[in-house]
Amino acid sequence: MNSPGVSPTVLGTEPIGKLLKTYAIPAIIAMTASSLYNMIDSIFIGHGVGAYAISGIAVTFPLMNLAAAFGTLVGVGASTLISVLLGQRNYEAATKVLSNTVTLCLIAGIAFSAVALIFLDPILLFFGASENTIGYARDYMRVILLGNVITHLYLGLNNLQRAIGEPKKAMGATLFTVVLNVALAPIFIFTFKMGTGGAALATVIAQLVAAVWVFFEFTKKTKAVHFGKKIIMLDRRIARDSLSIGFAPFLMNVAACLIVIFLNKQMMKYGGDLAIGAYGIVNRISFLFLMIVFGLNQGMQPIAGYNYGARQYARVKEVFWKTVRYAIVVMSVGFILGLAFPKAVASVFTSDAELIRLSAMGLTITVLMFPLVAFQVVTSNFFQSMGMVNKAIWLSLSRQILFLLPCIFLLPHLFADNPIQGVWASFPVSDFFATILAAILLKGLMNKFDKLKDGDDPSILGGI
């Protein structure tokens with residue numbers, strides 16, 4: 001089956017630097033905008049509802065990570081699979097992946113919401129909510145969970161839109177959700193006095209409108225990948241391949257969920273509710289820079305996946321190293337900002353003096369290894385982009401489970417005078433060791449690439 005419209009084959013011919021800018025800049029804008037509206041939500045909540053409301057939102061992070069885990073299980077795996085299939089000129093299979101994505105998003109979104117809503121209060125209490133914060137967390141998550149299937153569909157199709165060669169349209173959809181969310185949130189929070197539930201409602205409405213538009217885009221027959229006769233279908237082989245590729249980011253998000261649970265409990269133990277709120281603020285700031293790197297990764301993903309499928313190994317290596325260099329620059333900016341202006345940054349979110357103090361302390365410590373984080377995050381996504389599931393899973397889990405989890409419990413004992421500093425120190429320590437592991441795995445892969453000429457079957461080396 002030949003592509004009837006825009007061809008993605010430029011991924012194998014255009015200069016890598018030009019391609020990375022073409023694909024990464026829209027993704028960076030979209031991801032940064034997405035992070036910014038989460039930050040703006042927190043700012044509105046902090047000043048419009050209160051310091052404990054920020055802590056309440058922070059309590060929901062594990063549940064949000066778990067919801068995101070099921071979304072990435074479908075969306076990221078499907079987009080990677082489509083990139084590889086397009087590199088192989090297999091448009092028919094790529095079209096089937098699209099319909100499978102819709103079906104899997106519906107199944108995952110509805111099932112997750114149903115279970116989480118039934119057990120919402122016990123879940124939030126287990127995640128670290130107290131009598132001071134559970135009301136804020138409950139109001140927020142009820143709305144988010146009711147709209148969870150919309151979020152899954154929007155994010156899943158938006159990932160595919162980028163993978164088929166339409167990064168600007170994917171960016172446009174995300175920017176629209178940001179603008180609409182930022183416009184609605186203050187109305188619901190300040191005018192209608194809806195509190196944290198109002199912030200959540202603004203997010204869901206914005207994503208609903210964007211999801212409808214992205215869905216409509218995939219009905220156009222002029223696209224290389226579009227809906228066929230069946231918009232909803234489930235092919236076992238495609239579903240299996242897609243979910244297996246998406247399993248790495250799924251596990252990463254599940255691990256993040258578990259880590260945040262333990263973090264919240266340690267924060268509560270050594271600093272109380274406001275320490276959890278401080279983590280919420282630091283998390284929002286850190287994610288602003290990480291989302292830029294994720295945007296770079298999203299730009300790298302279709303280029304690396306396509307060229308790997310087309311057996312153009314020199315181009316695969318080139319796009320990786322260019323992405324790493326850009327990512328290090330981005331995270332270095334976060335490193336400087338966190339060390340030089342921690343109190344000024346924290347005060348944007350709240351006027352509570354104690355919350356500012358705790359947030360500034362946490363930010364200063366958290367950013368210490370940010371330049372190394374850039375390399376580790378890009379390397380993990382690089383393996384995922386080419387469908388190397390086992391390596392991607394290992395890298396995804398190493399920082400969270402192998403390094404960060406033990407540090408959360410061990411390091412506070414080394415800071416006897418101020419154990420909360422030990423909890424914060426867990427981040428840079430685990431980042432350091434995770435980077436070493438990433439470098440070891442990457443060296444093995446690059447050595448194999450160096451032995452292959454473009455066009456060679458990787459099976460001649462026993463596979464990659």
# chains A, B, ... in the order shown; residues from 1 in each chain; ligands from 1
>>> residues_around(residues="segment 233-238 of chain A", least_positions_apart="4", cutoff="8 Å", atoms="only C-alpha atoms", output="list in words")
Lys96, Val97, Ser99, Asn100, Thr103, Leu104 and Ser242 of chain A
>>> write_last_selection(atoms="C-alpha atoms", output="compact mmCIF listing (two decimals), in the first residue's frame")
# COMPACT_ATOMS: atom_id res chain seq x y z
CA LYS A 96 -4.05 -0.67 11.85
CA VAL A 97 -1.91 0.62 14.72
CA SER A 99 -7.29 2.01 15.19
CA ASN A 100 -5.78 -0.24 17.84
CA THR A 103 -9.44 0.95 21.23
CA LEU A 104 -6.69 0.46 23.80
CA SER A 242 2.63 -1.83 20.77
>>> closest_atom_pairs(of="segment 322-386 of chain A", to="segment 27-46 of chain A", cutoff="8 Å", atoms="only C-alpha atoms", output="CSV")
residue,atom,partner,partner_atom,distance
A:Val348,CA,A:Ile43,CA,6.9
A:Phe349,CA,A:Ile43,CA,4.6
A:Thr350,CA,A:Gly46,CA,5.3
>>> residues_around(residues="segment 412-420 of chain A", least_positions_apart="3", cutoff="12 Å", atoms="only C-alpha atoms", output="PDB file with N, CA and C atoms, in the first residue's frame")
ATOM      1  N   LEU A 263       8.132   8.979  48.976  1.00  0.00           N
ATOM      2  CA  LEU A 263       8.611  10.345  49.183  1.00  0.00           C
ATOM      3  C   LEU A 263       7.637  11.142  50.048  1.00  0.00           C
ATOM      4  N   ASN A 264       6.355  11.035  49.712  1.00  0.00           N
ATOM      5  CA  ASN A 264       5.341  11.753  50.495  1.00  0.00           C
ATOM      6  C   ASN A 264       5.362  11.322  51.963  1.00  0.00           C
ATOM      7  N   LYS A 265       5.505  10.031  52.167  1.00  0.00           N
ATOM      8  CA  LYS A 265       5.520   9.526  53.542  1.00  0.00           C
ATOM      9  C   LYS A 265       6.758  10.022  54.301  1.00  0.00           C
ATOM     10  N   GLN A 266       7.911  10.053  53.618  1.00  0.00           N
ATOM     11  CA  GLN A 266       9.123  10.556  54.268  1.00  0.00           C
ATOM     12  C   GLN A 266       9.051  12.067  54.485  1.00  0.00           C
ATOM     13  N   MET A 267       8.481  12.770  53.507  1.00  0.00           N
ATOM     14  CA  MET A 267       8.291  14.219  53.675  1.00  0.00           C
ATOM     15  C   MET A 267       7.370  14.511  54.855  1.00  0.00           C
ATOM     16  N   MET A 268       6.299  13.757  54.962  1.00  0.00           N
ATOM     17  CA  MET A 268       5.366  13.936  56.077  1.00  0.00           C
ATOM     18  C   MET A 268       6.044  13.621  57.411  1.00  0.00           C
ATOM     19  N   LYS A 269       6.846  12.569  57.410  1.00  0.00           N
ATOM     20  CA  LYS A 269       7.509  12.141  58.637  1.00  0.00           C
ATOM     21  C   LYS A 269       8.480  13.197  59.157  1.00  0.00           C
ATOM     22  N   TYR A 270       9.247  13.802  58.247  1.00  0.00           N
ATOM     23  CA  TYR A 270      10.295  14.714  58.686  1.00  0.00           C
ATOM     24  C   TYR A 270       9.939  16.197  58.545  1.00  0.00           C
ATOM     25  N   GLY A 271       8.835  16.509  57.809  1.00  0.00           N
ATOM     26  CA  GLY A 271       8.523  17.920  57.605  1.00  0.00           C
ATOM     27  C   GLY A 271       7.056  18.288  57.634  1.00  0.00           C
ATOM     28  N   GLY A 272       6.156  17.280  57.676  1.00  0.00           N
ATOM     29  CA  GLY A 272       4.729  17.559  57.740  1.00  0.00           C
ATOM     30  C   GLY A 272       4.106  17.868  56.389  1.00  0.00           C
ATOM     31  N   LEU A 274       3.397  20.611  54.830  1.00  0.00           N
ATOM     32  CA  LEU A 274       4.023  21.630  53.993  1.00  0.00           C
ATOM     33  C   LEU A 274       5.261  21.104  53.273  1.00  0.00           C
ATOM     34  N   ALA A 275       5.913  20.107  53.833  1.00  0.00           N
ATOM     35  CA  ALA A 275       7.047  19.493  53.136  1.00  0.00           C
ATOM     36  C   ALA A 275       6.561  18.776  51.873  1.00  0.00           C
ATOM     37  N   ILE A 276       5.390  18.155  51.958  1.00  0.00           N
ATOM     38  CA  ILE A 276       4.792  17.538  50.765  1.00  0.00           C
ATOM     39  C   ILE A 276       4.469  18.621  49.737  1.00  0.00           C
ATOM     40  N   ALA A 278       6.058  21.411  49.420  1.00  0.00           N
ATOM     41  CA  ALA A 278       7.351  21.840  48.875  1.00  0.00           C
ATOM     42  C   ALA A 278       7.795  20.902  47.761  1.00  0.00           C
ATOM     43  N   TYR A 279       7.590  19.607  47.976  1.00  0.00           N
ATOM     44  CA  TYR A 279       7.923  18.652  46.916  1.00  0.00           C
ATOM     45  C   TYR A 279       7.075  18.924  45.674  1.00  0.00           C
ATOM     46  N   LEU A 358      11.048  25.709  52.723  1.00  0.00           N
ATOM     47  CA  LEU A 358      11.193  24.284  52.435  1.00  0.00           C
ATOM     48  C   LEU A 358      11.393  24.025  50.943  1.00  0.00           C
ATOM     49  N   SER A 359      10.679  24.773  50.114  1.00  0.00           N
ATOM     50  CA  SER A 359      10.790  24.593  48.662  1.00  0.00           C
ATOM     51  C   SER A 359      12.161  25.025  48.154  1.00  0.00           C
ATOM     52  N   MET A 361      14.997  25.104  49.810  1.00  0.00           N
ATOM     53  CA  MET A 361      15.986  24.119  50.237  1.00  0.00           C
ATOM     54  C   MET A 361      15.961  22.895  49.314  1.00  0.00           C
ATOM     55  N   GLY A 362      14.768  22.414  49.034  1.00  0.00           N
ATOM     56  CA  GLY A 362      14.640  21.239  48.182  1.00  0.00           C
ATOM     57  C   GLY A 362      15.115  21.486  46.765  1.00  0.00           C
ATOM     58  N   ILE A 365      19.008  21.481  46.334  1.00  0.00           N
ATOM     59  CA  ILE A 365      19.615  20.152  46.379  1.00  0.00           C
ATOM     60  C   ILE A 365      19.247  19.336  45.132  1.00  0.00           C
ATOM     61  N   PRO A 406      16.149   3.167  47.731  1.00  0.00           N
ATOM     62  CA  PRO A 406      16.960   2.966  48.951  1.00  0.00           C
ATOM     63  C   PRO A 406      17.455   4.284  49.551  1.00  0.00           C
ATOM     64  N   CYS A 407      17.788   5.251  48.677  1.00  0.00           N
ATOM     65  CA  CYS A 407      18.311   6.533  49.175  1.00  0.00           C
ATOM     66  C   CYS A 407      17.279   7.282  50.016  1.00  0.00           C
ATOM     67  N   ILE A 408      16.014   7.161  49.637  1.00  0.00           N
ATOM     68  CA  ILE A 408      14.954   7.864  50.361  1.00  0.00           C
ATOM     69  C   ILE A 408      14.936   7.473  51.836  1.00  0.00           C
ATOM     70  N   PHE A 409      15.234   6.208  52.093  1.00  0.00           N
ATOM     71  CA  PHE A 409      15.180   5.711  53.471  1.00  0.00           C
ATOM     72  C   PHE A 409      16.535   5.768  54.181  1.00  0.00           C
ATOM     73  N   VAL A 423      16.316  13.390  52.542  1.00  0.00           N
ATOM     74  CA  VAL A 423      15.285  12.981  51.578  1.00  0.00           C
ATOM     75  C   VAL A 423      15.528  13.688  50.249  1.00  0.00           C
ATOM     76  N   TRP A 424      15.788  14.993  50.298  1.00  0.00           N
ATOM     77  CA  TRP A 424      16.054  15.742  49.064  1.00  0.00           C
ATOM     78  C   TRP A 424      17.336  15.261  48.384  1.00  0.00           C
ATOM     79  N   ALA A 425      18.354  14.899  49.170  1.00  0.00           N
ATOM     80  CA  ALA A 425      19.630  14.469  48.600  1.00  0.00           C
ATOM     81  C   ALA A 425      19.506  13.174  47.807  1.00  0.00           C
ATOM     82  N   SER A 426      18.408  12.436  48.023  1.00  0.00           N
ATOM     83  CA  SER A 426      18.188  11.191  47.293  1.00  0.00           C
ATOM     84  C   SER A 426      18.158  11.420  45.782  1.00  0.00           C
TER      85      SER A 426
END
>>> closest_residue(among="A:Met141, A:Val319, A:Leu251, A:Ala310", to="Asn390 of chain A", atoms="only C-alpha atoms")
A:Leu251
>>> residues_around(residues="Phe112 of chain A", least_positions_apart="3", cutoff="10 Å", atoms="only C-alpha atoms", output="ChimeraX atom specification")
/A:66-67,70,107-109,115-117,145,148-149
>>> residues_around(residues="Phe403 of chain A", least_positions_apart="5", cutoff="12 Å", atoms="only C-alpha atoms", output="list in words")
Ala255, Ile259, Leu395, Ser396, Leu397, Ser398, Ile408, Phe409, Leu410, Leu411, Ala425, Ser426, Phe427, Pro428, Val429, Ser430, Asp431, Phe432, Phe433, Ala434, Thr435, Ile436 and Leu437 of chain A
>>> closest_residue(among="A:Ala163, A:Leu153, A:Leu81, A:Leu106", to="Gly299 of chain A", atoms="only C-alpha atoms")
A:Ala163
>>> closest_residue(among="A:Ile356, A:Ala438, A:Ala51, A:Val225", to="Trp394 of chain A", atoms="only C-alpha atoms")
A:Ala438
>>> closest_residue(among="A:Ala69, A:Ala199, A:Leu157, A:Val10", to="Cys257 of chain A", atoms="only C-alpha atoms")
A:Ala69
>>> atom_distance(atom1="atom CA of Ile123 of chain A", atom2="atom CA of Met252 of chain A")
19.9 Å
>>> closest_residue(among="A:Gly128, A:Ala314, A:Ala53, A:Thr219", to="Gly197 of chain A", atoms="only C-alpha atoms")
A:Ala53
>>> decode(residues="segment 339-369 of chain A", atoms="N, CA and C atoms", output="PDB file, in the first residue's frame")
ATOM      1  N   LEU A 339      20.215  26.919  41.805  1.00  0.00           N
ATOM      2  CA  LEU A 339      21.245  27.285  42.777  1.00  0.00           C
ATOM      3  C   LEU A 339      21.268  28.781  43.068  1.00  0.00           C
ATOM      4  N   ALA A 340      20.955  29.593  42.066  1.00  0.00           N
ATOM      5  CA  ALA A 340      21.103  31.040  42.217  1.00  0.00           C
ATOM      6  C   ALA A 340      19.866  31.736  42.780  1.00  0.00           C
ATOM      7  N   PHE A 341      18.666  31.251  42.418  1.00  0.00           N
ATOM      8  CA  PHE A 341      17.447  31.976  42.804  1.00  0.00           C
ATOM      9  C   PHE A 341      16.357  31.066  43.385  1.00  0.00           C
ATOM     10  N   PRO A 342      16.675  30.189  44.311  1.00  0.00           N
ATOM     11  CA  PRO A 342      15.662  29.231  44.783  1.00  0.00           C
ATOM     12  C   PRO A 342      14.470  29.877  45.489  1.00  0.00           C
ATOM     13  N   LYS A 343      14.714  30.868  46.345  1.00  0.00           N
ATOM     14  CA  LYS A 343      13.606  31.496  47.076  1.00  0.00           C
ATOM     15  C   LYS A 343      12.713  32.308  46.148  1.00  0.00           C
ATOM     16  N   ALA A 344      13.317  32.998  45.205  1.00  0.00           N
ATOM     17  CA  ALA A 344      12.539  33.800  44.259  1.00  0.00           C
ATOM     18  C   ALA A 344      11.624  32.902  43.430  1.00  0.00           C
ATOM     19  N   VAL A 345      12.136  31.750  43.012  1.00  0.00           N
ATOM     20  CA  VAL A 345      11.328  30.818  42.218  1.00  0.00           C
ATOM     21  C   VAL A 345      10.187  30.258  43.052  1.00  0.00           C
ATOM     22  N   ALA A 346      10.487  29.849  44.282  1.00  0.00           N
ATOM     23  CA  ALA A 346       9.461  29.262  45.148  1.00  0.00           C
ATOM     24  C   ALA A 346       8.365  30.263  45.496  1.00  0.00           C
ATOM     25  N   SER A 347       8.729  31.520  45.648  1.00  0.00           N
ATOM     26  CA  SER A 347       7.747  32.534  46.049  1.00  0.00           C
ATOM     27  C   SER A 347       6.723  32.826  44.962  1.00  0.00           C
ATOM     28  N   VAL A 348       6.986  32.390  43.748  1.00  0.00           N
ATOM     29  CA  VAL A 348       5.998  32.548  42.668  1.00  0.00           C
ATOM     30  C   VAL A 348       4.747  31.724  42.968  1.00  0.00           C
ATOM     31  N   PHE A 349       4.915  30.607  43.668  1.00  0.00           N
ATOM     32  CA  PHE A 349       3.817  29.684  43.911  1.00  0.00           C
ATOM     33  C   PHE A 349       3.023  30.000  45.178  1.00  0.00           C
ATOM     34  N   THR A 350       3.648  30.641  46.141  1.00  0.00           N
ATOM     35  CA  THR A 350       2.985  30.829  47.427  1.00  0.00           C
ATOM     36  C   THR A 350       3.599  32.025  48.166  1.00  0.00           C
ATOM     37  N   SER A 351       2.827  32.579  49.088  1.00  0.00           N
ATOM     38  CA  SER A 351       3.350  33.648  49.951  1.00  0.00           C
ATOM     39  C   SER A 351       3.627  33.132  51.360  1.00  0.00           C
ATOM     40  N   ASP A 352       3.401  31.834  51.585  1.00  0.00           N
ATOM     41  CA  ASP A 352       3.633  31.227  52.889  1.00  0.00           C
ATOM     42  C   ASP A 352       5.142  31.091  53.128  1.00  0.00           C
ATOM     43  N   ALA A 353       5.656  31.737  54.167  1.00  0.00           N
ATOM     44  CA  ALA A 353       7.099  31.805  54.410  1.00  0.00           C
ATOM     45  C   ALA A 353       7.720  30.426  54.622  1.00  0.00           C
ATOM     46  N   GLU A 354       7.050  29.557  55.389  1.00  0.00           N
ATOM     47  CA  GLU A 354       7.604  28.230  55.671  1.00  0.00           C
ATOM     48  C   GLU A 354       7.625  27.365  54.415  1.00  0.00           C
ATOM     49  N   LEU A 355       6.586  27.460  53.613  1.00  0.00           N
ATOM     50  CA  LEU A 355       6.552  26.690  52.375  1.00  0.00           C
ATOM     51  C   LEU A 355       7.635  27.175  51.412  1.00  0.00           C
ATOM     52  N   ILE A 356       7.876  28.471  51.375  1.00  0.00           N
ATOM     53  CA  ILE A 356       8.957  29.012  50.532  1.00  0.00           C
ATOM     54  C   ILE A 356      10.307  28.488  51.006  1.00  0.00           C
ATOM     55  N   ARG A 357      10.520  28.485  52.324  1.00  0.00           N
ATOM     56  CA  ARG A 357      11.805  28.006  52.869  1.00  0.00           C
ATOM     57  C   ARG A 357      12.050  26.551  52.513  1.00  0.00           C
ATOM     58  N   LEU A 358      11.048  25.709  52.723  1.00  0.00           N
ATOM     59  CA  LEU A 358      11.193  24.284  52.435  1.00  0.00           C
ATOM     60  C   LEU A 358      11.393  24.025  50.943  1.00  0.00           C
ATOM     61  N   SER A 359      10.679  24.773  50.114  1.00  0.00           N
ATOM     62  CA  SER A 359      10.790  24.593  48.662  1.00  0.00           C
ATOM     63  C   SER A 359      12.161  25.025  48.154  1.00  0.00           C
ATOM     64  N   ALA A 360      12.663  26.154  48.666  1.00  0.00           N
ATOM     65  CA  ALA A 360      13.978  26.655  48.244  1.00  0.00           C
ATOM     66  C   ALA A 360      15.084  25.668  48.614  1.00  0.00           C
ATOM     67  N   MET A 361      14.997  25.104  49.810  1.00  0.00           N
ATOM     68  CA  MET A 361      15.986  24.119  50.237  1.00  0.00           C
ATOM     69  C   MET A 361      15.961  22.895  49.314  1.00  0.00           C
ATOM     70  N   GLY A 362      14.768  22.414  49.034  1.00  0.00           N
ATOM     71  CA  GLY A 362      14.640  21.239  48.182  1.00  0.00           C
ATOM     72  C   GLY A 362      15.115  21.486  46.765  1.00  0.00           C
ATOM     73  N   LEU A 363      14.810  22.644  46.220  1.00  0.00           N
ATOM     74  CA  LEU A 363      15.210  22.965  44.847  1.00  0.00           C
ATOM     75  C   LEU A 363      16.725  23.037  44.716  1.00  0.00           C
ATOM     76  N   THR A 364      17.381  23.657  45.684  1.00  0.00           N
ATOM     77  CA  THR A 364      18.844  23.792  45.653  1.00  0.00           C
ATOM     78  C   THR A 364      19.531  22.441  45.604  1.00  0.00           C
ATOM     79  N   ILE A 365      19.008  21.481  46.334  1.00  0.00           N
ATOM     80  CA  ILE A 365      19.615  20.152  46.379  1.00  0.00           C
ATOM     81  C   ILE A 365      19.247  19.336  45.132  1.00  0.00           C
ATOM     82  N   THR A 366      18.006  19.417  44.714  1.00  0.00           N
ATOM     83  CA  THR A 366      17.502  18.585  43.612  1.00  0.00           C
ATOM     84  C   THR A 366      18.228  18.831  42.296  1.00  0.00           C
ATOM     85  N   VAL A 367      18.628  20.077  42.023  1.00  0.00           N
ATOM     86  CA  VAL A 367      19.202  20.414  40.717  1.00  0.00           C
ATOM     87  C   VAL A 367      20.683  20.065  40.582  1.00  0.00           C
ATOM     88  N   LEU A 368      21.310  19.541  41.625  1.00  0.00           N
ATOM     89  CA  LEU A 368      22.760  19.374  41.629  1.00  0.00           C
ATOM     90  C   LEU A 368      23.287  18.513  40.479  1.00  0.00           C
ATOM     91  N   MET A 369      22.521  17.517  40.041  1.00  0.00           N
ATOM     92  CA  MET A 369      22.968  16.628  38.970  1.00  0.00           C
ATOM     93  C   MET A 369      22.180  16.819  37.674  1.00  0.00           C
TER      94      MET A 369
END
